[in-house]
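Reading through the structure tokens given below for one structure.
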Amino acid sequence: MELSQLDKILRKVQKPAQYTGGEVGSVVKELTPGMFRYAFCFPDTYEIGMSHLGMKILYGLKNQKDDIWCERVFAPAADMEEQMRQNGIPLYGLESLDPIREFDMIGFTLQYELSFTTILNMLDLAGLPVLASERTDLTPIVMAGGPCACNPEPIVDFIDLFVLGEGEEVNLELIELLRKAKAEGWSKLQYLEAAAQIPGVYVPSFYDVSYEEDGTIAAVVPSHGAPQRVTKRIIREVDKVYYPDSFVVPFVDTVHDRAMVEIFRGCIRGCRFCQAGFIYRPYREKNWDTLEKNARDLCASTGYDDLSLSSLSTSDYGQLGPLLDHLLDWTDDEMVSLSLPSLRVDNFSEELLRKVAKVRKTGLTFAPEAGTQRMRNVINKNVTEEEVMETARIAFAGGYSTMKLYFMMGLPTETMEDIEGIIDLAQKVVDLYYSMPTRQKGKGVTVTVSCACFVPKPHTPFEFEPQDTVEQLKAKQKHMLDYVTSKKININYHDSDISRLEAVLARGDRRLCPVLLKAWQKGSRLDGWSEHFAMSRWDEAMEECGIDPAFYANRRRPYDEVLPWDHLDYGVTKGFLVREHQTAVQSQTTPHCRERCSACGANQLLGGPCFGK
Amino acid sequence: MENNFTPVRIFFEKRGRAKYISHLDLARCMQRAIKRSGLPVWYTQGFHPHLYLTFALPISLGYESLQDSLDIRLTAPVEIQQLLDDFNAALPEGIRALRASAPVMKPDKIAWGEYQVSIHLPGHSGEELLRGWEAFAAQEEVLVLKRTKRGEKEMDIRPFFTVQQVEAEDGQLHLVLLVAAGGTLNINPALITDAYCARCGWENEGIDVIRRQLYTETMEIFE
């Protein structure tokens with residue numbers, strides 16, 4: 001498509017520069033006959049999708065190959081969607097502006113459950129049938145990967161194949177296989193049969209799921225030669241894996257518009273609520289000198305003046321001292337500011353604060369996650385109140401006067417006492433501020449308490465746990481508001497309806513596919529945006545499909561139940577998750593991986609111990 | 001860093017897909033381009049230093065421009081050709097630096113903009129479009145609703161544009177207009193074309209606008 005064909009509609013939409021391509025760093029190739037065309041789709045708007053590091057890595061990785069052209073595709077905002085539908089403009093790749101239905105492969109990244117209906121909408125906007133069974137041609141193959149692929153069952157009707165784990169190798173393997181299939185004239189079935197033999201590839205149509213009378217799963221039986229269990233892929237040596245030396249630099253403002261380096265994968269902590277902490281295991285870190293080079297290359301090629309270290313827990317990085325010293329050597333002179341997200345309170349030092357503060361003084365955010373020590377022990381967030389207070393003391397002494405604290409409510413075994421503990425802790429932080437002789441006279445403190453509703457996730461020790469009902473969550477929210485006395489404490493909390501829907505989808509099975517289809521047909525898309533979300537559409541869809549959301553959200557699963565994702569192997573064994581769950585309900589903690597190996601099973605993926613090789 | 005710098009005005013064109021870059025986004029885009037180019041530029045002093053740049057009168061979103069300008073401050077001497085080459089190598093598609101020199105005039109000297117405008121009016125013959133235009137332009141007063149910070153107000157825009165050229169083909173009217181421009185009074189050419197269409201009882205399917213040049217009150221080119 002020519003840009004001039006878009007002129008008419010771009011005049012009528014907000015932030016048109018997100019739909020034109022042409023950004024610095026975007027890759028435009030000549031369409032040679034053997035060119036493999038890949039559409040990397042992020043099922044949310046440009047401003048969200050362009051912040052995603054995984055897309056930047058896989059985009060660069062594919063485009064490094066002369067015979068692969070990977071383009072970016074995002075969900076249009078409502079005004080653009082309307083214009084596209086009115087004017088018959090199909091969903092297109094931002095680099096070529098060509099319709100993606102003509103591409104060889106379409107890949108979606110699954111970052112959060114509420115993006116699922118947007119996938120259907122994007123397929124439809126592309127002019128493709130949303131049901132995989134109705135897409136009978138060999139191309140385009142529609143694949144998906146990312147964290148929600150660890151339980152993709154609610155969307156198996158729409159996607160041809162899933163990639164489990166890290167994508168750097170398996171994406172290229174799937175592309176080469178499809179190239180071969182095209183050359184040899186295979187059918188789509190032939191391709192999927194061959195793809196199912198690639199480690200880490202899950203072809204859901206090759207698995208037959210049967211159910212017990214009580215609605216639980218009886219068995220999951222593979223066919224077409226697909227493996228009984230699909231094991232996720234990892235990159236063993238992350239220090240040597242491809243990392244982009246340039247990013248696409250957006251014109252419009254995006255959520256994270258900055259240079260990012262990935263300092264490690266996995267996490268040593270094992271917080272029991274955190275899916276990322278389990279599905280990204282084992283812990284593997286990059287060397288500081290590799291990271292420093294990545295950072296230099298990126299800053300030079302993009303012109304970014306903001307550099308961020310990306311990981312699940314920045315302060316756990318084993319080489320943080322040398323890395324920061326070497327980065328601060330040049331970032332100051334080159335007017336690049338450095339941000340360190342995901343700091344933990346238990347190893348936050350004055351020295352670290354000084355290094356962060358040297359660059360930019362923004363607010364500090366910490367995540368105690370729970371208000372009482374007992375509750376923190378249950379979730380294995382091994383942080384003590386003393387550590388939280390010590391961190392606050394350091395921060396206040398360093399001139400900070402605002403602090404954001406993240407918590408969850410609805411955690412397993414939680415009582416109202418634990419809810420009160422959240423406010424008690426925030427109040428202690430407020431009191432600490434006023435007790436400090438160093439505080440600036442006349443300057444008040446603001447402590448923001450941000451409280452999410454807990455959503456039990458697959459592949460975590462809480463995968464067996466019921467979620468609190470919406471009524472329980474609302475009662476806890478109300479109690480929390482009633483319990484606050486200080487005006488220095490601001491409280492934010494999440495919509496309990498949305499959290500409940502997330503809980504249904506996160507641990508759903510393939511009987512939810514018709515619900516998704518109906519919810520989308522009723523207008524659901526961009527559900528992560530409060531202006532688009534309507535619970536009523538989902539309620540109606542579930543009712544029409546005879547689905548009881550409580551079965552998925554609020555039911556305790558016995559340890560021996562066949563869970564919809566049990567045939568997807570993320571390294572961490574179910575036996576370990578059961579052990580962790582038992583330890584949790586006794587309010588006992590488990591040490592982090594550096595301190596002691598708890599035999600979660602993820603080191604099988606490495607073929608050896610995670611530490612002390 | 002000391003306050004020792006040389007101001008430089010860079011004239012650039014903003015065409016093709018670059019016309020969709022908004023003013024705010026353009027500032028960020030230029031900042032990054034300058035950073036990528038490695039040019040020695042001055043940063044504002046203070047706690048959050050940022051790269052100094054300022055635009056004379058950035059073109060509106062959706063319009064192309066052949067002569068927009070950007071002022072930066074150099075902290076070390078750079079030959080003009082070198083500066084243009086380095087900067088162009090760092091700019092995105094559609095934006096091209098054309099020339100650079102020491103700023104001559106202050107941006108508040110800008111009084112007129114010369115625009116090339118095409119109005120899309122499918123279903124109308126060229127002759128019909130021309131006749132409509134002549135009647136429109138012959139009016140002594142053209143009242144339009146102009147949006148301001150305080151809401152809408154009616155104003156006569158007839159004193160604020162002159163017609164330099166008119167051509168028509170079937171379905172399209174092509175104009176060259178001189179329109180009031182600048183920080184205090186800036187008339188969007190769409191106000192004129194909308195008034196024309198409204199008078200004729202037509203609805204246009206969009207306009208293409210290219211700003212060709214900026215002039216002072218005495219019709220000197222803005223330098």
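Chain labels run A, B, ... following the order of the structure tokens; each chain numbers its residues from 1, and ligands are numbered from 1 in the order shown.
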
Can you list every residue of chain A that has an atom at most 6 Å from chain B, with its nearest atom pair and the distance in Å to one decimal, using only C-alpha atoms, ordered by chain then number, as a tab-separated table?
```
residue	atom	partner	partner_atom	distance
A:Pro16	CA	B:Tyr20	CA	5.8
A:Ala17	CA	B:Tyr20	CA	5.0
A:Val24	CA	B:Pro92	CA	5.4
A:Phe251	CA	B:Asp25	CA	5.7
A:Val252	CA	B:Asp25	CA	5.8
A:Ala300	CA	B:Arg36	CA	5.8
A:Gly303	CA	B:Arg32	CA	4.3
```

Preceding selection exported with N, CA, C and O atoms as a JSON list (two decimals), in the first residue's frame:
```json
[["chain", "number", "residue", "atom", "x", "y", "z"],
["A", 16, "PRO", "N", -1.56, 10.47, 14.42],
["A", 16, "PRO", "CA", -1.41, 9.67, 13.21],
["A", 16, "PRO", "C", -0.01, 9.09, 13.01],
["A", 16, "PRO", "O", 0.14, 8.07, 12.34],
["A", 17, "ALA", "N", 1.01, 9.71, 13.63],
["A", 17, "ALA", "CA", 2.38, 9.24, 13.40],
["A", 17, "ALA", "C", 2.59, 7.80, 13.89],
["A", 17, "ALA", "O", 3.56, 7.16, 13.54],
["A", 24, "VAL", "N", 13.05, 6.25, 12.81],
["A", 24, "VAL", "CA", 14.47, 5.89, 12.76],
["A", 24, "VAL", "C", 14.63, 4.51, 13.40],
["A", 24, "VAL", "O", 14.03, 4.23, 14.45],
["A", 251, "PHE", "N", 7.98, 8.19, 17.02],
["A", 251, "PHE", "CA", 7.70, 9.64, 16.97],
["A", 251, "PHE", "C", 6.78, 10.02, 18.12],
["A", 251, "PHE", "O", 6.99, 11.01, 18.79],
["A", 252, "VAL", "N", 5.73, 9.23, 18.30],
["A", 252, "VAL", "CA", 4.76, 9.59, 19.35],
["A", 252, "VAL", "C", 5.28, 9.08, 20.69],
["A", 252, "VAL", "O", 6.12, 8.19, 20.75],
["A", 300, "ALA", "N", 23.94, 5.44, 21.17],
["A", 300, "ALA", "CA", 24.49, 6.09, 19.98],
["A", 300, "ALA", "C", 23.54, 5.99, 18.79],
["A", 300, "ALA", "O", 23.36, 6.93, 18.04],
["A", 303, "GLY", "N", 19.84, 7.91, 19.97],
["A", 303, "GLY", "CA", 19.79, 9.28, 20.45],
["A", 303, "GLY", "C", 18.98, 9.40, 21.73],
["A", 303, "GLY", "O", 18.66, 10.51, 22.16]]
```

Compile the contact shell of range 170-172 of chain B as a PyMOL selection string: residues with an atom at most 6 Å away, counting only C-alpha atoms, same-chain residues fewer than 4 positions apart removed. chain B and resi 119-126

Using DSSP on the backbone, list every residue of range 205-342 of chain A that comes out as helix (DSSP H, G or I), and give them as a PyMOL selection string. chain A and resi 205-206+275-279+288-302+314-316+320-331

Which residues come within 10 Å of Leu123 in chain A, counting only C-alpha atoms, excluding same-chain residues fewer than 4 positions away, as a VMD selection string? chain A and resid 41 90 to 91 100 to 101 106 118 to 119 127 to 131 142 158

Mind the document's chain letters and residue numbers, and return as an MDAnalysis selection string the residues of range 420-550 of chain A that DSSP labels strand (DSSP E). chainID A and resid 446:453 489:493

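A straight line drawn from CA of Leu327 in chain A to CA of Leu307 in chain A is 9.7 Å long.
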
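The closest residue to Asp156 in chain B, picked from B:Ala181, B:Ile110, B:Ala195, B:Leu130 and counting only C-alpha atoms, is B:Ala195.
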
Might you pull out every residue within 6 Å of Val255 in chain A, with only C-alpha atoms counted and same-chain residues fewer than 2 positions away left off, and present them as a list in words? Glu47, Ile48 and Ser51 of chain A

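Residues surrounding Lys182 in chain A within 12 Å are Gly34, Met35, Phe36, Asp104, Met105, Asp137, Leu138, Thr139, Pro140, Ile141, Ile175, Glu176, Leu177, Leu178, Arg179, Gly185, Trp186, Ser187, Lys188, Gln190 and Tyr191 of chain A [only C-alpha atoms; sequence separation below 3 positions excluded].
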
For the residues in the current selection, export C-alpha atoms as a PDB file, in the first residue's frame.
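The new file again33.pdb reads:
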```pdb
ATOM      1  CA  GLY A  34      12.761 -15.411  -1.500  1.00  0.00           C
ATOM      2  CA  MET A  35      11.883 -12.877   1.195  1.00  0.00           C
ATOM      3  CA  PHE A  36      10.096 -14.412   4.192  1.00  0.00           C
ATOM      4  CA  ASP A 104       3.989 -15.889   5.636  1.00  0.00           C
ATOM      5  CA  MET A 105       3.758 -15.814   9.387  1.00  0.00           C
ATOM      6  CA  ASP A 137      -4.064 -22.240   3.552  1.00  0.00           C
ATOM      7  CA  LEU A 138      -0.466 -22.950   4.495  1.00  0.00           C
ATOM      8  CA  THR A 139       0.210 -19.244   4.980  1.00  0.00           C
ATOM      9  CA  PRO A 140      -0.102 -17.170   6.972  1.00  0.00           C
ATOM     10  CA  ILE A 141       0.657 -19.384   9.952  1.00  0.00           C
ATOM     11  CA  ILE A 175      10.575 -19.763   9.876  1.00  0.00           C
ATOM     12  CA  GLU A 176      13.040 -22.076   8.143  1.00  0.00           C
ATOM     13  CA  LEU A 177      10.578 -24.955   8.396  1.00  0.00           C
ATOM     14  CA  LEU A 178       7.834 -22.847   6.816  1.00  0.00           C
ATOM     15  CA  ARG A 179      10.195 -21.748   4.073  1.00  0.00           C
ATOM     16  CA  GLY A 185       4.116 -27.422  -1.358  1.00  0.00           C
ATOM     17  CA  TRP A 186       3.139 -28.883   2.021  1.00  0.00           C
ATOM     18  CA  SER A 187      -0.346 -28.583   3.437  1.00  0.00           C
ATOM     19  CA  LYS A 188      -0.905 -26.625   6.639  1.00  0.00           C
ATOM     20  CA  GLN A 190       1.917 -31.246   7.248  1.00  0.00           C
ATOM     21  CA  TYR A 191       3.632 -28.100   8.442  1.00  0.00           C
TER      22      TYR A 191
END
```

Near-Cys197 in chain B list (10 Å; only C-alpha atoms; drop same-chain fewer than 5 positions) as a list in words: Ile119, Leu121, Leu129, Gly132, Trp133, Phe136, Ile192, Trp202, Glu203 and Asn204 of chain B
